[in-house]
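Here the structure is laid out as structure tokens; the discussion comes afterwards.
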Amino acid sequence: MTKPPVLILGARSDIGRAVAHAFAAEGHPIQLAARNAESLQPDATDITIRYNVAASVHDFDALDTAHHAAFLDHLPTLPEVAVCAVGLMGDQAENETDAGKAALVIRANFEGPALILGDLANRFAARGSGTLVGISSVAGDRGRATNYVYGASKAGFTAFLSGLRNRLAKQGVHVVTVLPGFVNTRMTEGMDLPGGLTAEPQELGTAIVKAVEKKRNIIYVRPVWRLIMAIIRAIPEAVFKKLSL
């Protein structure tokens, strides 16, 4: 039985690549979408050879919201699953003084991902089937002094996904919110990450495939993060202000 296609938005990222491989390993055709899509052709060829599934590449710029609809119109077929791995951490110190850089972080983590998934949601709802996967972050669970621009943009995306899931619940469309903790990628290169709390991109790929198959609503890629964030959310604001988090 032929499996339905999966669209990966932000396919050049380490997480996007890992998710593409995880779905391809299950027999799904893959649509890889990112800027300068031609540079993704080696990835598409590798996926086709490795897993014997079709893989295509498509130009997509999450920040070019005026062309989102045209991008979707030109896909070879409307996917059954769409995974948004678009994101940008930025530098907190720069974001505090440079409004342009802060805006870029907010647009890359919230505006662009939310609007493209919103368009896909309408198309999936009209068809009556599909799954949307948004990769947000535990950083959105509570604002912290050390990364509140990034965290706020992820918090907005998490809230968007929650609302979208509830809106589409009776229309045959499911929405999965993915909350990774630390992930060992190029975006976190050079950071001193705790090994026990840091996932590899391949873990996200496997976790997302399972979440889609089992129709999970919200997943913490490493379950310990659910407990950690519950504790952090419970800390009174008066105490939280005194912590170096």
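Labels used: A, B, ... for chains in the order of the structure tokens, numbers from 1 for residues in each chain, and numbers from 1 for ligands as shown.
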
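On the backbone of this structure, DSSP gives strand (DSSP E or B) within range 59-93 of chain A to Asp59, Val81, Ala82, Val83 and Cys84 of chain A.
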
Q | Residue neighbourhood range 205-207 of chain A, 12 Å, only C-alpha atoms, exclusion window fewer than 5 positions, as a PyMOL selection string | A | chain A and resi 8+14-26+83+85+133+135+176-180+183+199-200+212-216+218-223

Enumerate as a CSV table (one decimal) with N, CA, C and O atoms, in the first residue's frame all residues of range 10-202 of chain A assigned to alpha helix (DSSP H) by DSSP on the backbone, naming them with the chain letters and numbers the document uses.
```
chain,number,residue,atom,x,y,z
A,14,ASP,N,19.1,20.6,10.6
A,14,ASP,CA,19.4,19.2,11.0
A,14,ASP,C,18.2,18.4,11.5
A,14,ASP,O,18.0,17.3,11.2
A,15,ILE,N,17.2,19.1,12.1
A,15,ILE,CA,16.0,18.5,12.5
A,15,ILE,C,15.1,18.2,11.3
A,15,ILE,O,14.6,17.1,11.2
A,16,GLY,N,15.0,19.1,10.4
A,16,GLY,CA,14.2,18.8,9.2
A,16,GLY,C,14.8,17.6,8.4
A,16,GLY,O,14.0,16.8,8.0
A,17,ARG,N,16.1,17.5,8.3
A,17,ARG,CA,16.6,16.4,7.6
A,17,ARG,C,16.3,15.1,8.3
A,17,ARG,O,16.0,14.1,7.7
A,18,ALA,N,16.5,15.1,9.6
A,18,ALA,CA,16.2,13.9,10.4
A,18,ALA,C,14.8,13.5,10.3
A,18,ALA,O,14.5,12.3,10.2
A,19,VAL,N,13.9,14.4,10.4
A,19,VAL,CA,12.5,14.1,10.2
A,19,VAL,C,12.2,13.5,8.9
A,19,VAL,O,11.4,12.5,8.7
A,20,ALA,N,12.8,14.1,7.8
A,20,ALA,CA,12.5,13.5,6.5
A,20,ALA,C,13.0,12.1,6.4
A,20,ALA,O,12.3,11.2,5.8
A,21,HIS,N,14.2,11.8,6.9
A,21,HIS,CA,14.7,10.4,6.9
A,21,HIS,C,13.8,9.5,7.7
A,21,HIS,O,13.5,8.3,7.3
A,22,ALA,N,13.3,9.9,8.8
A,22,ALA,CA,12.4,9.1,9.7
A,22,ALA,C,11.1,8.7,8.9
A,22,ALA,O,10.7,7.5,9.0
A,23,PHE,N,10.5,9.7,8.3
A,23,PHE,CA,9.3,9.3,7.5
A,23,PHE,C,9.6,8.5,6.3
A,23,PHE,O,8.8,7.6,5.9
A,24,ALA,N,10.7,8.8,5.6
A,24,ALA,CA,11.0,8.0,4.4
A,24,ALA,C,11.3,6.6,4.8
A,24,ALA,O,11.0,5.7,4.0
A,25,ALA,N,11.9,6.4,5.9
A,25,ALA,CA,12.2,5.0,6.4
A,25,ALA,C,10.9,4.2,6.6
A,25,ALA,O,10.9,3.0,6.5
A,41,GLN,N,18.9,18.9,-3.5
A,41,GLN,CA,18.8,17.8,-4.4
A,41,GLN,C,19.6,16.6,-4.0
A,41,GLN,O,19.1,15.4,-4.1
A,42,PRO,N,20.8,16.8,-3.5
A,42,PRO,CA,21.6,15.6,-3.0
A,42,PRO,C,20.9,14.9,-1.9
A,42,PRO,O,20.9,13.6,-1.8
A,43,ASP,N,20.2,15.6,-1.0
A,43,ASP,CA,19.4,15.0,0.1
A,43,ASP,C,18.2,14.2,-0.5
A,43,ASP,O,18.0,13.1,0.0
A,44,ALA,N,17.6,14.8,-1.5
A,44,ALA,CA,16.4,14.1,-2.1
A,44,ALA,C,16.9,12.8,-2.8
A,44,ALA,O,16.3,11.7,-2.7
A,45,THR,N,18.1,12.9,-3.5
A,45,THR,CA,18.6,11.7,-4.2
A,45,THR,C,19.0,10.6,-3.2
A,45,THR,O,18.7,9.4,-3.3
A,46,ASP,N,19.6,11.0,-2.1
A,46,ASP,CA,20.0,10.1,-1.0
A,46,ASP,C,18.8,9.4,-0.4
A,46,ASP,O,18.7,8.2,-0.2
A,47,ILE,N,17.7,10.2,-0.2
A,47,ILE,CA,16.5,9.6,0.4
A,47,ILE,C,15.9,8.6,-0.6
A,47,ILE,O,15.4,7.5,-0.2
A,48,THR,N,15.8,8.9,-1.9
A,48,THR,CA,15.2,8.0,-2.9
A,48,THR,C,16.0,6.7,-2.9
A,48,THR,O,15.4,5.6,-3.0
A,49,ILE,N,17.3,6.8,-3.0
A,49,ILE,CA,18.2,5.6,-3.1
A,49,ILE,C,18.1,4.8,-1.8
A,49,ILE,O,18.0,3.6,-1.8
A,50,ARG,N,18.2,5.5,-0.7
A,50,ARG,CA,18.3,4.8,0.6
A,50,ARG,C,17.0,4.1,1.0
A,50,ARG,O,17.0,3.0,1.6
A,51,TYR,N,15.8,4.7,0.7
A,51,TYR,CA,14.5,4.2,1.2
A,51,TYR,C,13.6,3.8,0.1
A,51,TYR,O,12.5,3.3,0.3
A,68,HIS,N,3.3,32.3,0.2
A,68,HIS,CA,3.0,31.0,0.8
A,68,HIS,C,1.9,30.2,0.0
A,68,HIS,O,2.1,29.0,-0.3
A,69,ALA,N,0.9,30.9,-0.4
A,69,ALA,CA,-0.2,30.2,-1.1
A,69,ALA,C,0.3,29.7,-2.5
A,69,ALA,O,0.0,28.6,-2.8
A,70,ALA,N,1.1,30.5,-3.2
A,70,ALA,CA,1.6,30.1,-4.4
A,70,ALA,C,2.6,28.9,-4.3
A,70,ALA,O,2.6,27.9,-5.1
A,71,PHE,N,3.3,28.9,-3.2
A,71,PHE,CA,4.2,27.7,-2.9
A,71,PHE,C,3.4,26.4,-2.8
A,71,PHE,O,3.7,25.4,-3.4
A,72,LEU,N,2.3,26.5,-2.0
A,72,LEU,CA,1.4,25.3,-1.8
A,72,LEU,C,0.7,24.9,-3.1
A,72,LEU,O,0.5,23.8,-3.4
A,73,ASP,N,0.3,26.0,-3.9
A,73,ASP,CA,-0.4,25.7,-5.1
A,73,ASP,C,0.5,24.9,-6.1
A,73,ASP,O,0.0,24.1,-6.9
A,92,GLN,N,20.3,36.7,22.3
A,92,GLN,CA,19.5,37.5,23.2
A,92,GLN,C,20.0,38.9,23.4
A,92,GLN,O,19.2,39.9,23.3
A,93,ALA,N,21.3,39.0,23.6
A,93,ALA,CA,21.9,40.3,23.8
A,93,ALA,C,21.7,41.3,22.6
A,93,ALA,O,21.3,42.4,22.8
A,94,GLU,N,21.8,40.7,21.5
A,94,GLU,CA,21.6,41.6,20.3
A,94,GLU,C,20.1,41.9,20.1
A,94,GLU,O,19.7,43.0,19.7
A,95,ASN,N,19.3,40.9,20.4
A,95,ASN,CA,17.8,41.1,20.3
A,95,ASN,C,17.3,42.2,21.2
A,95,ASN,O,16.3,42.8,21.0
A,96,GLU,N,18.0,42.4,22.4
A,96,GLU,CA,17.6,43.4,23.3
A,96,GLU,C,17.8,44.8,22.8
A,96,GLU,O,17.2,45.8,23.3
A,97,THR,N,18.7,45.0,21.9
A,97,THR,CA,19.1,46.3,21.4
A,97,THR,C,18.9,46.6,20.0
A,97,THR,O,18.9,47.7,19.5
A,99,ALA,N,16.2,46.0,17.2
A,99,ALA,CA,14.8,45.7,16.9
A,99,ALA,C,14.7,44.8,15.6
A,99,ALA,O,13.8,44.0,15.5
A,100,GLY,N,15.5,45.1,14.7
A,100,GLY,CA,15.5,44.3,13.4
A,100,GLY,C,15.8,42.9,13.6
A,100,GLY,O,15.1,42.0,13.1
A,101,LYS,N,16.8,42.6,14.4
A,101,LYS,CA,17.2,41.2,14.7
A,101,LYS,C,16.1,40.6,15.6
A,101,LYS,O,15.8,39.4,15.4
A,102,ALA,N,15.6,41.3,16.5
A,102,ALA,CA,14.5,40.7,17.3
A,102,ALA,C,13.3,40.4,16.5
A,102,ALA,O,12.7,39.3,16.6
A,103,ALA,N,13.0,41.3,15.5
A,103,ALA,CA,11.8,41.0,14.7
A,103,ALA,C,12.1,39.8,13.8
A,103,ALA,O,11.1,39.0,13.5
A,104,LEU,N,13.3,39.6,13.4
A,104,LEU,CA,13.6,38.4,12.5
A,104,LEU,C,13.4,37.1,13.3
A,104,LEU,O,12.9,36.2,12.8
A,105,VAL,N,13.8,37.1,14.6
A,105,VAL,CA,13.6,35.9,15.4
A,105,VAL,C,12.1,35.7,15.6
A,105,VAL,O,11.6,34.5,15.5
A,106,ILE,N,11.4,36.7,15.8
A,106,ILE,CA,9.9,36.6,16.1
A,106,ILE,C,9.2,36.1,14.8
A,106,ILE,O,8.4,35.2,14.8
A,112,GLY,N,6.1,33.3,10.3
A,112,GLY,CA,6.2,32.5,9.2
A,112,GLY,C,5.6,31.1,9.4
A,112,GLY,O,4.7,30.7,8.6
A,113,PRO,N,6.0,30.4,10.4
A,113,PRO,CA,5.5,29.0,10.7
A,113,PRO,C,4.0,29.0,10.9
A,113,PRO,O,3.2,28.2,10.4
A,114,ALA,N,3.4,30.0,11.6
A,114,ALA,CA,2.0,30.1,11.9
A,114,ALA,C,1.2,30.3,10.6
A,114,ALA,O,0.2,29.6,10.4
A,115,LEU,N,1.7,31.2,9.8
A,115,LEU,CA,0.9,31.5,8.6
A,115,LEU,C,0.9,30.4,7.6
A,115,LEU,O,-0.1,30.1,7.0
A,116,ILE,N,2.0,29.7,7.4
A,116,ILE,CA,2.1,28.6,6.4
A,116,ILE,C,1.2,27.4,7.0
A,116,ILE,O,0.5,26.8,6.2
A,117,LEU,N,1.3,27.1,8.3
A,117,LEU,CA,0.5,26.1,8.8
A,117,LEU,C,-1.0,26.4,8.8
A,117,LEU,O,-1.9,25.6,8.6
A,118,GLY,N,-1.3,27.7,8.9
A,118,GLY,CA,-2.7,28.2,8.8
A,118,GLY,C,-3.3,27.9,7.5
A,118,GLY,O,-4.4,27.5,7.3
A,119,ASP,N,-2.5,28.2,6.4
A,119,ASP,CA,-2.9,28.0,5.0
A,119,ASP,C,-3.1,26.5,4.8
A,119,ASP,O,-4.1,26.0,4.2
A,120,LEU,N,-2.1,25.7,5.3
A,120,LEU,CA,-2.2,24.2,5.1
A,120,LEU,C,-3.5,23.7,5.9
A,120,LEU,O,-4.2,22.8,5.4
A,121,ALA,N,-3.7,24.3,7.1
A,121,ALA,CA,-4.9,23.9,7.8
A,121,ALA,C,-6.2,24.0,7.1
A,121,ALA,O,-7.1,23.1,7.1
A,122,ASN,N,-6.3,25.2,6.4
A,122,ASN,CA,-7.5,25.4,5.6
A,122,ASN,C,-7.7,24.4,4.5
A,122,ASN,O,-8.8,23.9,4.2
A,123,ARG,N,-6.5,24.0,3.8
A,123,ARG,CA,-6.6,23.1,2.7
A,123,ARG,C,-6.8,21.7,3.2
A,123,ARG,O,-7.6,20.9,2.6
A,124,PHE,N,-6.2,21.3,4.4
A,124,PHE,CA,-6.5,20.0,4.9
A,124,PHE,C,-7.9,19.9,5.4
A,124,PHE,O,-8.6,18.8,5.2
A,125,ALA,N,-8.5,20.9,6.0
A,125,ALA,CA,-9.9,20.9,6.5
A,125,ALA,C,-10.8,20.8,5.3
A,125,ALA,O,-11.8,20.0,5.4
A,126,ALA,N,-10.5,21.4,4.2
A,126,ALA,CA,-11.4,21.3,3.0
A,126,ALA,C,-11.4,19.9,2.5
A,126,ALA,O,-12.4,19.4,2.0
A,127,ARG,N,-10.2,19.2,2.6
A,127,ARG,CA,-10.1,17.8,2.2
A,127,ARG,C,-10.7,16.9,3.2
A,127,ARG,O,-11.2,15.8,2.9
A,148,TYR,N,14.3,35.5,26.3
A,148,TYR,CA,12.9,35.8,26.2
A,148,TYR,C,12.3,36.2,24.9
A,148,TYR,O,11.2,36.0,24.6
A,149,VAL,N,13.2,36.7,24.0
A,149,VAL,CA,12.7,37.0,22.6
A,149,VAL,C,12.4,35.7,21.9
A,149,VAL,O,11.3,35.5,21.3
A,150,TYR,N,13.4,34.8,21.9
A,150,TYR,CA,13.2,33.4,21.3
A,150,TYR,C,12.0,32.7,22.0
A,150,TYR,O,11.1,32.2,21.3
A,151,GLY,N,12.0,32.7,23.3
A,151,GLY,CA,11.0,32.0,24.1
A,151,GLY,C,9.6,32.6,23.8
A,151,GLY,O,8.7,31.8,23.7
A,152,ALA,N,9.5,33.9,23.7
A,152,ALA,CA,8.2,34.5,23.5
A,152,ALA,C,7.7,34.1,22.1
A,152,ALA,O,6.5,33.9,21.9
A,153,SER,N,8.5,34.1,21.1
A,153,SER,CA,8.1,33.7,19.8
A,153,SER,C,7.7,32.2,19.8
A,153,SER,O,6.7,31.9,19.1
A,154,LYS,N,8.3,31.4,20.5
A,154,LYS,CA,7.9,30.0,20.6
A,154,LYS,C,6.6,29.8,21.4
A,154,LYS,O,5.8,29.0,21.1
A,155,ALA,N,6.5,30.7,22.4
A,155,ALA,CA,5.2,30.6,23.2
A,155,ALA,C,4.1,31.0,22.3
A,155,ALA,O,3.0,30.3,22.4
A,156,GLY,N,4.2,32.0,21.5
A,156,GLY,CA,3.2,32.3,20.5
A,156,GLY,C,2.8,31.2,19.6
A,156,GLY,O,1.7,30.9,19.3
A,157,PHE,N,3.9,30.5,19.1
A,157,PHE,CA,3.7,29.4,18.2
A,157,PHE,C,3.0,28.2,18.9
A,157,PHE,O,2.1,27.6,18.3
A,158,THR,N,3.4,28.0,20.1
A,158,THR,CA,2.7,26.9,20.9
A,158,THR,C,1.2,27.2,21.1
A,158,THR,O,0.4,26.3,20.9
A,159,ALA,N,0.9,28.5,21.4
A,159,ALA,CA,-0.5,28.8,21.6
A,159,ALA,C,-1.3,28.7,20.3
A,159,ALA,O,-2.4,28.3,20.2
A,160,PHE,N,-0.6,29.1,19.2
A,160,PHE,CA,-1.2,29.0,17.9
A,160,PHE,C,-1.6,27.6,17.5
A,160,PHE,O,-2.7,27.2,17.1
A,161,LEU,N,-0.6,26.7,17.8
A,161,LEU,CA,-0.9,25.2,17.5
A,161,LEU,C,-2.0,24.7,18.4
A,161,LEU,O,-2.8,23.9,17.9
A,162,SER,N,-2.0,25.1,19.6
A,162,SER,CA,-3.1,24.7,20.5
A,162,SER,C,-4.5,25.1,20.0
A,162,SER,O,-5.4,24.3,19.9
A,163,GLY,N,-4.6,26.3,19.6
A,163,GLY,CA,-5.8,26.8,19.1
A,163,GLY,C,-6.2,26.1,17.8
A,163,GLY,O,-7.4,25.8,17.5
A,164,LEU,N,-5.2,25.9,16.9
A,164,LEU,CA,-5.5,25.3,15.6
A,164,LEU,C,-6.0,23.8,15.9
A,164,LEU,O,-6.9,23.4,15.2
A,165,ARG,N,-5.4,23.2,16.8
A,165,ARG,CA,-5.8,21.8,17.1
A,165,ARG,C,-7.2,21.7,17.6
A,165,ARG,O,-8.0,20.8,17.1
A,166,ASN,N,-7.6,22.7,18.4
A,166,ASN,CA,-9.0,22.7,18.9
A,166,ASN,C,-10.0,23.1,17.8
A,166,ASN,O,-11.1,22.5,17.7
A,167,ARG,N,-9.6,24.0,16.9
A,167,ARG,CA,-10.4,24.4,15.8
A,167,ARG,C,-10.7,23.2,14.9
A,167,ARG,O,-11.8,23.0,14.4
A,168,LEU,N,-9.6,22.4,14.6
A,168,LEU,CA,-9.7,21.4,13.6
A,168,LEU,C,-10.1,20.0,14.1
A,168,LEU,O,-10.3,19.1,13.3
A,201,PRO,N,19.0,15.0,16.7
A,201,PRO,CA,18.0,15.2,15.7
A,201,PRO,C,17.2,13.9,15.4
A,201,PRO,O,16.0,13.9,15.2
A,202,GLN,N,17.9,12.8,15.3
A,202,GLN,CA,17.3,11.5,14.9
A,202,GLN,C,16.2,11.1,16.0
A,202,GLN,O,15.2,10.5,15.6
```
